[in-house]
file my_file_21.txt (compact mmCIF, C-alpha atoms)
# COMPACT_ATOMS: atom_id res chain seq x y z
CA MET J 1 14.81 2.49 -12.96
CA GLU J 2 13.16 3.58 -9.71
CA LYS J 3 13.88 7.09 -8.44
CA ILE J 4 13.40 8.49 -4.95
CA SER J 5 14.21 11.84 -3.37
CA LEU J 6 14.44 12.49 0.38
CA THR J 7 15.24 15.55 2.44
CA VAL J 8 16.93 14.53 5.66
CA GLU J 9 14.84 15.41 8.69
CA ALA J 10 16.09 16.41 12.13
CA LEU J 11 18.70 13.97 13.46
CA GLU J 12 20.43 13.66 16.81
CA ALA J 13 23.64 12.88 14.94
CA PRO J 14 24.72 12.25 11.31
CA VAL J 15 23.89 8.77 9.95
CA ARG J 16 24.99 6.75 6.94
CA ALA J 17 23.01 7.45 3.79
CA ASP J 18 22.09 3.78 3.25
CA ARG J 19 20.74 3.50 6.79
CA TYR J 20 18.70 6.69 6.42
CA ILE J 21 17.23 5.54 3.08
CA ALA J 22 16.29 2.13 4.51
CA GLU J 23 14.55 3.70 7.51
CA HIS J 24 12.69 6.35 5.48
CA SER J 25 11.64 4.42 2.39
CA ASP J 26 10.55 0.97 1.26
CA ILE J 27 14.05 0.19 -0.05
CA SER J 28 16.08 -2.17 2.12
CA ARG J 29 19.83 -1.89 2.69
CA SER J 30 20.34 -5.25 0.97
CA ARG J 31 18.66 -3.92 -2.17
CA LEU J 32 20.93 -0.88 -2.10
CA LYS J 33 23.85 -3.24 -2.71
CA GLY J 34 22.57 -3.68 -6.27
CA ASP J 35 22.78 -1.31 -9.23
CA CYS J 36 22.13 2.18 -7.88
CA THR J 37 23.39 5.77 -8.08
CA LEU J 38 23.34 8.05 -5.03
CA LEU J 39 23.53 11.84 -5.04
CA VAL J 40 23.74 13.93 -1.89
CA ASN J 41 23.04 17.63 -2.50
CA GLY J 42 23.54 17.02 -6.20
CA LYS J 43 26.93 15.34 -5.90
CA GLU J 44 27.56 11.63 -6.39
CA ALA J 45 28.31 9.91 -3.10
CA LYS J 46 28.91 6.51 -1.56
CA LEU J 47 26.21 4.77 0.44
CA SER J 48 28.47 4.97 3.49
CA LYS J 49 28.48 8.79 3.40
CA ASN J 50 27.06 10.40 6.52
CA VAL J 51 24.09 12.70 5.97
CA SER J 52 22.77 15.47 8.21
CA GLU J 53 19.59 17.49 8.61
CA GLY J 54 18.65 19.34 5.42
CA ASP J 55 20.72 17.18 3.04
CA VAL J 56 18.88 16.21 -0.13
CA ILE J 57 19.25 12.55 -1.10
CA SER J 58 18.54 11.49 -4.68
CA LEU J 59 18.67 7.81 -5.56
CA GLU J 60 18.29 5.90 -8.80
CA ILE J 61 18.00 2.16 -8.31
CA ALA J 62 17.43 -0.60 -10.81
CA GLU J 63 14.06 -2.30 -10.62
CA VAL J 64 14.06 -5.80 -9.21
CA LYS J 65 13.63 -7.88 -12.34
CA GLY J 66 12.21 -11.31 -12.63
CA PRO J 67 12.26 -13.57 -15.68
CA GLU J 68 12.67 -11.70 -18.95
CA ASP J 69 9.19 -12.72 -20.01
CA ILE J 70 6.42 -12.65 -17.44
CA GLU J 71 3.73 -14.82 -18.93
CA PRO J 72 0.13 -13.69 -19.53
CA GLN J 73 -2.34 -15.84 -17.60
CA LYS J 74 -6.10 -16.19 -17.79
CA MET J 75 -7.62 -14.73 -14.64
CA ASP J 76 -11.12 -13.89 -13.48
CA LEU J 77 -10.93 -10.11 -13.20
CA ASP J 78 -13.73 -8.36 -11.32
CA ILE J 79 -13.95 -5.23 -13.49
CA ILE J 80 -15.56 -2.15 -11.93
CA TYR J 81 -14.85 0.24 -14.82
CA GLU J 82 -12.89 0.27 -18.07
CA ASP J 83 -12.19 2.65 -20.92
CA ASP J 84 -9.32 3.25 -23.37
CA ASN J 85 -7.03 4.65 -20.67
CA VAL J 86 -7.80 2.86 -17.41
CA ILE J 87 -9.15 -0.31 -15.93
CA VAL J 88 -10.48 -0.37 -12.37
CA LEU J 89 -10.69 -3.72 -10.60
CA ASN J 90 -12.00 -5.19 -7.39
CA LYS J 91 -8.89 -7.16 -6.43
CA ALA J 92 -9.58 -10.44 -4.72
CA GLN J 93 -7.96 -11.27 -1.41
CA GLY J 94 -4.86 -13.43 -1.82
CA VAL J 95 -3.82 -11.99 -5.19
CA VAL J 96 -0.37 -10.39 -5.36
CA VAL J 97 -0.38 -7.20 -7.45
CA HIS J 98 2.88 -7.64 -9.35
CA PRO J 99 5.62 -10.28 -9.70
CA ALA J 100 8.54 -10.29 -7.28
CA ALA J 101 11.32 -12.64 -6.32
CA GLY J 102 9.96 -16.15 -6.00
CA ASN J 103 6.47 -15.13 -7.15
CA PHE J 104 6.13 -14.76 -10.90
CA GLN J 105 2.84 -16.55 -11.49
CA GLY J 106 -0.76 -15.80 -10.58
CA THR J 107 -0.25 -12.09 -9.97
CA LEU J 108 -2.56 -9.33 -11.10
CA VAL J 109 0.03 -8.31 -13.69
CA ASN J 110 -0.08 -11.81 -15.21
CA GLY J 111 -3.83 -11.40 -15.59
CA LEU J 112 -3.53 -7.90 -17.05
CA LEU J 113 -1.02 -9.04 -19.66
CA ASP J 114 -3.61 -11.55 -20.85
CA TYR J 115 -6.63 -9.21 -20.68
CA VAL J 116 -5.37 -5.76 -21.74
CA SER J 117 -4.27 -5.85 -25.35
CA GLY J 118 -0.96 -4.09 -26.00
CA ILE J 119 -0.15 -3.16 -22.39
CA GLU J 120 3.18 -4.99 -22.57
CA GLU J 121 4.27 -2.91 -25.58
CA GLU J 122 3.03 0.34 -24.00
CA PHE J 123 5.24 -0.27 -20.97
CA ASP J 124 8.17 -2.02 -22.64
CA ASP J 125 10.59 -0.40 -20.16
CA ASP J 126 8.76 -1.93 -17.19
CA THR J 127 8.21 -5.64 -17.64
CA VAL J 128 7.42 -6.25 -13.96
CA ARG J 129 4.80 -3.59 -13.16
CA PRO J 130 3.22 -2.44 -16.45
CA GLY J 131 0.42 0.02 -15.70
CA ILE J 132 0.51 -0.39 -11.92
CA VAL J 133 -0.13 2.99 -10.27
CA HIS J 134 -0.58 1.94 -6.64
CA ARG J 135 -0.61 -1.33 -4.71
CA LEU J 136 -2.70 -3.27 -2.27
CA ASP J 137 -1.24 -5.87 0.07
CA LYS J 138 -1.77 -9.47 -1.00
CA ASP J 139 -4.41 -10.05 1.67
CA THR J 140 -6.17 -6.71 1.17
CA SER J 141 -9.07 -6.80 -1.27
CA GLY J 142 -10.79 -3.97 -3.11
CA VAL J 143 -10.43 -1.11 -5.56
CA ILE J 144 -7.26 -0.76 -7.60
CA ILE J 145 -6.79 1.39 -10.72
CA ILE J 146 -4.41 0.48 -13.57
CA ALA J 147 -3.22 2.69 -16.43
CA LYS J 148 -3.22 1.35 -19.97
CA ASN J 149 -0.57 3.73 -21.28
CA PRO J 150 2.35 5.78 -19.88
CA GLN J 151 0.57 9.13 -20.26
CA THR J 152 -2.32 7.93 -18.13
CA HIS J 153 0.09 6.35 -15.66
CA GLU J 154 1.73 9.73 -15.05
CA PHE J 155 -1.68 11.48 -14.88
CA LEU J 156 -2.87 9.10 -12.17
CA SER J 157 0.46 8.83 -10.34
CA ARG J 158 0.66 12.60 -9.99
CA GLN J 159 -2.63 12.60 -8.08
CA PHE J 160 -1.33 9.97 -5.66
CA ARG J 161 1.89 11.95 -5.19
CA ASP J 162 -0.02 15.19 -4.63
CA LYS J 163 -2.46 13.44 -2.24
CA THR J 164 -5.53 14.60 -4.17
CA THR J 165 -7.08 11.15 -4.32
CA ARG J 166 -9.56 10.02 -1.66
CA LYS J 167 -9.34 6.39 -0.53
CA THR J 168 -11.76 4.70 1.83
CA TYR J 169 -11.10 1.34 3.46
CA VAL J 170 -13.27 -0.67 5.81
CA ALA J 171 -11.94 -2.97 8.50
CA ILE J 172 -13.06 -5.12 11.40
CA VAL J 173 -10.72 -4.67 14.34
CA ARG J 174 -10.24 -6.50 17.62
CA GLY J 175 -10.90 -3.93 20.30
CA ARG J 176 -12.50 -0.51 20.70
CA LEU J 177 -11.04 2.68 19.34
CA PRO J 178 -10.47 5.58 21.78
CA LYS J 179 -12.85 7.93 19.91
CA LYS J 180 -15.72 7.57 17.44
CA HIS J 181 -13.89 9.77 14.96
CA ASP J 182 -10.27 10.87 15.03
CA THR J 183 -7.07 11.31 13.04
CA ILE J 184 -3.91 9.34 13.81
CA ASP J 185 -0.74 11.27 13.00
CA THR J 186 2.48 9.38 13.70
CA TYR J 187 5.74 8.34 12.11
CA ILE J 188 6.34 4.83 10.78
CA VAL J 189 9.65 2.99 10.49
CA ARG J 190 10.68 -0.50 9.52
CA ASP J 191 10.92 -2.81 12.52
CA ARG J 192 14.61 -3.54 13.18
CA GLN J 193 13.83 -6.99 14.62
CA ASN J 194 11.58 -8.01 11.71
CA ARG J 195 12.19 -6.37 8.33
CA LYS J 196 8.76 -7.50 7.09
CA LYS J 197 7.04 -5.35 9.72
CA PHE J 198 6.69 -1.64 10.37
CA THR J 199 6.14 0.12 13.67
CA VAL J 200 5.41 3.50 15.25
CA PRO J 201 8.65 4.81 16.83
CA SER J 202 9.08 7.23 19.66
CA GLY J 203 9.88 10.68 18.36
CA THR J 204 9.92 11.75 14.72
CA LYS J 205 12.06 9.13 13.05
CA GLY J 206 10.77 7.55 9.84
CA LYS J 207 8.00 8.72 7.53
CA GLN J 208 4.96 10.65 8.64
CA ALA J 209 1.74 8.62 8.37
CA VAL J 210 -1.73 10.08 8.77
CA THR J 211 -4.97 8.08 8.99
CA GLU J 212 -8.46 9.36 9.69
CA TYR J 213 -11.00 6.89 11.05
CA GLN J 214 -14.74 6.73 11.68
CA VAL J 215 -16.31 4.08 13.88
CA GLU J 216 -19.30 2.60 12.08
CA LYS J 217 -20.49 0.07 14.66
CA GLU J 218 -19.24 -1.58 17.83
CA PHE J 219 -19.89 -5.21 18.76
CA GLY J 220 -18.58 -5.75 22.27
CA ASN J 221 -14.81 -5.99 21.81
CA TYR J 222 -14.96 -5.78 18.01
CA THR J 223 -15.39 -2.67 15.87
CA PHE J 224 -16.40 -2.10 12.26
CA VAL J 225 -14.53 1.00 11.13
CA SER J 226 -13.95 3.13 8.03
CA LEU J 227 -10.36 4.24 7.42
CA PHE J 228 -9.21 7.18 5.30
CA PRO J 229 -5.44 7.21 4.71
CA HIS J 230 -4.07 10.70 4.05
CA THR J 231 -0.64 9.23 3.30
CA GLY J 232 0.30 5.96 1.63
CA ARG J 233 2.90 4.25 3.78
CA THR J 234 3.48 0.51 3.59
CA HIS J 235 1.17 -1.31 6.05
CA GLN J 236 0.01 2.08 7.34
CA LEU J 237 -3.56 1.12 8.28
CA ARG J 238 -2.49 -2.15 9.85
CA VAL J 239 0.23 -0.46 11.91
CA HIS J 240 -2.05 2.36 13.03
CA MET J 241 -4.79 0.01 14.20
CA GLN J 242 -2.26 -2.03 16.17
CA HIS J 243 -0.87 1.21 17.60
CA LEU J 244 -4.36 1.99 18.99
CA ASN J 245 -4.54 -1.50 20.55
CA ALA J 246 -7.20 -2.51 18.03
CA PRO J 247 -5.37 -4.70 15.47
CA ILE J 248 -7.23 -5.75 12.36
CA LEU J 249 -8.97 -9.10 12.74
CA GLY J 250 -7.16 -11.85 10.84
CA ASP J 251 -3.94 -9.87 10.38
CA PRO J 252 -1.18 -12.52 10.39
CA VAL J 253 1.57 -9.94 11.00
CA TYR J 254 0.20 -7.33 13.39
CA SER J 255 -2.38 -9.33 15.31
CA ARG J 256 -2.77 -12.78 16.84
CA SER J 257 -5.22 -15.60 16.26
CA ASP J 258 -8.70 -14.77 17.53
CA SER J 259 -10.49 -17.42 19.59
CA ARG J 260 -13.92 -16.44 18.28
CA PHE J 261 -12.83 -16.22 14.62
CA PRO J 262 -9.77 -18.51 14.40
CA ASP J 263 -10.08 -18.90 10.62
CA ALA J 264 -10.50 -15.20 9.86
CA THR J 265 -8.32 -13.77 7.13
CA LEU J 266 -7.29 -10.10 6.98
CA MET J 267 -10.44 -8.01 7.45
CA LEU J 268 -9.25 -5.02 5.42
CA HIS J 269 -10.93 -3.93 2.20
CA ALA J 270 -10.36 -0.96 -0.13
CA ALA J 271 -13.98 0.11 -0.48
CA SER J 272 -13.66 3.17 -2.72
CA LEU J 273 -11.30 5.43 -4.64
CA GLU J 274 -12.04 8.98 -5.78
CA ILE J 275 -9.77 10.17 -8.59
CA PHE J 276 -9.74 12.08 -11.88
CA ILE J 277 -9.28 10.01 -15.02
CA PRO J 278 -8.31 11.27 -18.50
CA GLY J 279 -11.17 12.67 -20.55
CA VAL J 280 -13.56 13.14 -17.61
CA GLU J 281 -13.95 16.63 -16.12
CA THR J 282 -15.23 15.62 -12.69
CA LYS J 283 -13.62 13.35 -10.12
CA MET J 284 -14.99 9.82 -10.28
CA MET J 285 -15.70 7.45 -7.40
CA PHE J 286 -15.11 3.75 -7.90
CA CYS J 287 -16.54 1.36 -5.31
CA ALA J 288 -16.07 -2.31 -4.43
CA PRO J 289 -18.81 -3.91 -2.30
CA VAL J 290 -18.07 -5.32 1.12
CA PRO J 291 -16.83 -8.89 0.49
CA GLU J 292 -18.47 -12.06 1.72
CA ARG J 293 -15.83 -12.68 4.40
CA PHE J 294 -16.87 -9.40 6.05
CA LYS J 295 -20.57 -10.21 5.84
CA GLN J 296 -20.08 -13.55 7.55
CA VAL J 297 -18.18 -12.04 10.49
CA LEU J 298 -20.57 -9.08 10.81
CA ASP J 299 -23.57 -11.44 10.78
CA GLN J 300 -22.05 -13.46 13.61
CA LEU J 301 -21.23 -10.33 15.57
CA SER J 302 -24.76 -8.95 15.05
CA THR J 303 -26.28 -12.25 16.18
CA GLY J 304 -24.13 -12.20 19.28
CA ASP J 305 -25.34 -8.66 20.05
CA ARG J 306 -28.97 -9.80 19.97
CA GLN J 307 -28.40 -12.74 22.28
call {"tool": "encode", "arguments": {"input": "my_file_21.txt", "output": "structure tokens"}}
result
Amino acid sequence: MEKISLTVEALEAPVRADRYIAEHSDISRSRLKGDCTLLVNGKEAKLSKNVSEGDVISLEIAEVKGPEDIEPQKMDLDIIYEDDNVIVLNKAQGVVVHPAAGNFQGTLVNGLLDYVSGIEEEFDDDTVRPGIVHRLDKDTSGVIIIAKNPQTHEFLSRQFRDKTTRKTYVAIVRGRLPKKHDTIDTYIVRDRQNRKKFTVPSGTKGKQAVTEYQVEKEFGNYTFVSLFPHTGRTHQLRVHMQHLNAPILGDPVYSRSDSRFPDATLMLHAASLEIFIPGVETKMMFCAPVPERFKQVLDQLSTGDRQ
């Protein structure tokens, strides 16, 4: 069972609870038609109930389940670190983190079920996402940490909720950023014309999203940049780069095909994660090296600079 809690922000007029939830979370209105319980200010309510500024929405919604038994599968896991409580991986581009409708094979969870002994029994109440603490998009590579038991899962999840982790991404974008170093602070909502996309609205509708960036090197109309998300909204980095008119190279959703690099795939990589793990007193930093796809593009851009 997935649980969310929202406090309704300033509104021009009351709106239906299901609409507000869909616009301020990752849960779509179609999913709300399933098995869920809604409370508004502690009282059970219908999804059609209008909510106003200051109302507290609590929602319990059944996880989207796939087949009863998600099969373990042999997978080449690029292991950065492992102990009795956690495993840290360098996720390859193209790998989906956990099973979802129409995609129950070849996910990271399938590989974990094969590799991590007993993880299925440890998380017997979550057959779809055992041990998954946070996610990376399918086409984003890099550092991801997985818990091997529920106690560790809560220990790690609390740090993500409290925003005490430090995540660093690198990206190659099409365009130049307005400053060498800056912080982007906007709101993000789901795009009403395309439910698979998110966008920056006018005003303060949606969820606040904050991204710090540092330009590492410029190559004409391309930029190699480090990104530091202070919040963890879906597609946040991709949306923010597009918002600054510098979409990430190879992004099939928020960018367009590039004439110089027509075969480029998403140039976004989770380079490092700083987090406490059980049994270690100091915060640890886990790093994943810049992948080959980045090196190839950067080499071409560097060669072009010298010509």
call {"tool": "closest_residue", "arguments": {"input": "my_file_21.txt", "among": "J:Glu2, J:Asp139, J:Glu60, J:Asp263", "to": "Val95 of chain J", "atoms": "only C-alpha atoms"}}
result
J:Asp139
call {"tool": "atom_distance", "arguments": {"input": "my_file_21.txt", "atom1": "atom CA of Val109 of chain J", "atom2": "atom CA of Thr234 of chain J"}}
result
19.7 Å
call {"tool": "atom_distance", "arguments": {"input": "my_file_21.txt", "atom1": "atom CA of Val200 of chain J", "atom2": "atom CA of His240 of chain J"}}
result
7.9 Å
call {"tool": "residues_around", "arguments": {"input": "my_file_21.txt", "residues": "Glu12 of chain J", "least_positions_apart": "3", "cutoff": "12 Å", "atoms": "all atoms listed in the file", "output": "list in words"}}
result
Val8, Glu9, Val15, Val51, Ser52, Glu53, Gly203, Thr204 and Lys205 of chain J
call {"tool": "closest_residue", "arguments": {"input": "my_file_21.txt", "among": "J:Asn245, J:Gln73, J:Gln296, J:Ser157", "to": "Thr265 of chain J", "atoms": "all atoms listed in the file"}}
result
J:Gln296
call {"tool": "atom_distance", "arguments": {"input": "my_file_21.txt", "atom1": "atom CA of Gly250 of chain J", "atom2": "atom CA of Lys197 of chain J"}}
result
15.7 Å
call {"tool": "residues_near_point", "arguments": {"input": "my_file_21.txt", "point": "(10.1, 2.9, 14.4)", "cutoff": "6 Å", "atoms": "all atoms listed in the file", "output": "list in words"}}
result
Ile188, Val189, Arg190, Thr199, Val200 and Pro201 of chain J
call {"tool": "write_last_selection", "arguments": {"input": "my_file_21.txt", "atoms": "C-alpha atoms", "output": "short mmCIF file (atom, residue, chain, number, x, y, z; two decimals), keeping the file's coordinate frame"}}
result
data_model
loop_
_atom_site.label_atom_id
_atom_site.label_comp_id
_atom_site.auth_asym_id
_atom_site.auth_seq_id
_atom_site.Cartn_x
_atom_site.Cartn_y
_atom_site.Cartn_z
CA ILE J 188 6.34 4.83 10.78
CA VAL J 189 9.65 2.99 10.49
CA ARG J 190 10.68 -0.50 9.52
CA THR J 199 6.14 0.12 13.67
CA VAL J 200 5.41 3.50 15.25
CA PRO J 201 8.65 4.81 16.83
#
call {"tool": "residues_near_point", "arguments": {"input": "my_file_21.txt", "point": "(-7.9, 13.2, 13.2)", "cutoff": "12 Å", "atoms": "all atoms listed in the file", "output": "CSV table (one decimal) with C-alpha atoms, keeping the file's coordinate frame"}}
result
chain,number,residue,atom,x,y,z
J,178,PRO,CA,-10.5,5.6,21.8
J,179,LYS,CA,-12.8,7.9,19.9
J,180,LYS,CA,-15.7,7.6,17.4
J,181,HIS,CA,-13.9,9.8,15.0
J,182,ASP,CA,-10.3,10.9,15.0
J,183,THR,CA,-7.1,11.3,13.0
J,184,ILE,CA,-3.9,9.3,13.8
J,185,ASP,CA,-0.7,11.3,13.0
J,186,THR,CA,2.5,9.4,13.7
J,209,ALA,CA,1.7,8.6,8.4
J,210,VAL,CA,-1.7,10.1,8.8
J,211,THR,CA,-5.0,8.1,9.0
J,212,GLU,CA,-8.5,9.4,9.7
J,213,TYR,CA,-11.0,6.9,11.0
J,214,GLN,CA,-14.7,6.7,11.7
J,227,LEU,CA,-10.4,4.2,7.4
J,228,PHE,CA,-9.2,7.2,5.3
J,229,PRO,CA,-5.4,7.2,4.7
J,230,HIS,CA,-4.1,10.7,4.0
call {"tool": "closest_residue", "arguments": {"input": "my_file_21.txt", "among": "J:Met285, J:Ile277, J:Ala147, J:Ala171", "to": "Tyr222 of chain J", "atoms": "all atoms listed in the file"}}
result
J:Ala171
call {"tool": "residues_around", "arguments": {"input": "my_file_21.txt", "residues": "Ile172 of chain J", "least_positions_apart": "6", "cutoff": "6 Å", "atoms": "only C-alpha atoms", "output": "list in words"}}
result
Thr223, Phe224, Ile248, Leu249 and Met267 of chain J
call {"tool": "closest_residue", "arguments": {"input": "my_file_21.txt", "among": "J:Leu39, J:Ala270, J:Val253, J:Leu77", "to": "Thr140 of chain J", "atoms": "only C-alpha atoms"}}
result
J:Ala270
call {"tool": "closest_residue", "arguments": {"input": "my_file_21.txt", "among": "J:Val225, J:Lys49, J:Cys36, J:Gln242", "to": "Asp18 of chain J", "atoms": "only C-alpha atoms"}}
result
J:Lys49
call {"tool": "closest_residue", "arguments": {"input": "my_file_21.txt", "among": "J:Val215, J:Val143, J:Leu112, J:Leu47", "to": "Ala246 of chain J", "atoms": "all atoms listed in the file"}}
result
J:Val215
call {"tool": "residues_around", "arguments": {"input": "my_file_21.txt", "residues": "Gly111 of chain J", "least_positions_apart": "3", "cutoff": "12 Å", "atoms": "all atoms listed in the file", "output": "count of residues only"}}
result
29
call {"tool": "residues_around", "arguments": {"input": "my_file_21.txt", "residues": "Phe286 of chain J", "least_positions_apart": "5", "cutoff": "7 Å", "atoms": "all atoms listed in the file", "output": "ChimeraX atom specification"}}
result
/J:272-274
call {"tool": "build_atoms", "arguments": {"input": "my_file_21.txt", "residues": "segment 171-184 of chain J", "atoms": "N, CA and C atoms", "output": "PDB file, in the frame of the given file"}}
result
ATOM      1  N   ALA J 171     -12.654  -1.939   7.767  1.00  0.00           N
ATOM      2  CA  ALA J 171     -11.940  -2.970   8.500  1.00  0.00           C
ATOM      3  C   ALA J 171     -12.782  -3.412   9.696  1.00  0.00           C
ATOM      4  N   ILE J 172     -12.532  -4.630  10.132  1.00  0.00           N
ATOM      5  CA  ILE J 172     -13.060  -5.120  11.400  1.00  0.00           C
ATOM      6  C   ILE J 172     -11.856  -5.297  12.306  1.00  0.00           C
ATOM      7  N   VAL J 173     -11.871  -4.621  13.447  1.00  0.00           N
ATOM      8  CA  VAL J 173     -10.720  -4.670  14.340  1.00  0.00           C
ATOM      9  C   VAL J 173     -11.101  -5.336  15.660  1.00  0.00           C
ATOM     10  N   ARG J 174     -10.081  -5.855  16.321  1.00  0.00           N
ATOM     11  CA  ARG J 174     -10.240  -6.500  17.620  1.00  0.00           C
ATOM     12  C   ARG J 174      -9.980  -5.468  18.712  1.00  0.00           C
ATOM     13  N   GLY J 175     -11.040  -4.954  19.285  1.00  0.00           N
ATOM     14  CA  GLY J 175     -10.900  -3.930  20.300  1.00  0.00           C
ATOM     15  C   GLY J 175     -11.776  -2.732  19.988  1.00  0.00           C
ATOM     16  N   ARG J 176     -11.744  -1.757  20.879  1.00  0.00           N
ATOM     17  CA  ARG J 176     -12.500  -0.510  20.700  1.00  0.00           C
ATOM     18  C   ARG J 176     -11.535   0.637  20.505  1.00  0.00           C
ATOM     19  N   LEU J 177     -11.887   1.521  19.596  1.00  0.00           N
ATOM     20  CA  LEU J 177     -11.040   2.680  19.340  1.00  0.00           C
ATOM     21  C   LEU J 177     -11.314   3.774  20.369  1.00  0.00           C
ATOM     22  N   PRO J 178     -10.324   4.605  20.681  1.00  0.00           N
ATOM     23  CA  PRO J 178     -10.470   5.580  21.780  1.00  0.00           C
ATOM     24  C   PRO J 178     -11.541   6.635  21.534  1.00  0.00           C
ATOM     25  N   LYS J 179     -11.822   6.945  20.258  1.00  0.00           N
ATOM     26  CA  LYS J 179     -12.850   7.930  19.910  1.00  0.00           C
ATOM     27  C   LYS J 179     -13.676   7.392  18.747  1.00  0.00           C
ATOM     28  N   LYS J 180     -14.870   7.977  18.571  1.00  0.00           N
ATOM     29  CA  LYS J 180     -15.720   7.570  17.440  1.00  0.00           C
ATOM     30  C   LYS J 180     -15.136   8.059  16.120  1.00  0.00           C
ATOM     31  N   HIS J 181     -14.494   9.193  16.165  1.00  0.00           N
ATOM     32  CA  HIS J 181     -13.890   9.770  14.960  1.00  0.00           C
ATOM     33  C   HIS J 181     -12.623  10.505  15.379  1.00  0.00           C
ATOM     34  N   ASP J 182     -11.527  10.234  14.659  1.00  0.00           N
ATOM     35  CA  ASP J 182     -10.270  10.870  15.030  1.00  0.00           C
ATOM     36  C   ASP J 182      -9.278  10.733  13.872  1.00  0.00           C
ATOM     37  N   THR J 183      -8.164  11.411  14.008  1.00  0.00           N
ATOM     38  CA  THR J 183      -7.070  11.310  13.040  1.00  0.00           C
ATOM     39  C   THR J 183      -5.810  10.876  13.768  1.00  0.00           C
ATOM     40  N   ILE J 184      -5.161   9.842  13.260  1.00  0.00           N
ATOM     41  CA  ILE J 184      -3.910   9.340  13.810  1.00  0.00           C
ATOM     42  C   ILE J 184      -2.771   9.947  13.004  1.00  0.00           C
TER      43      ILE J 184
END
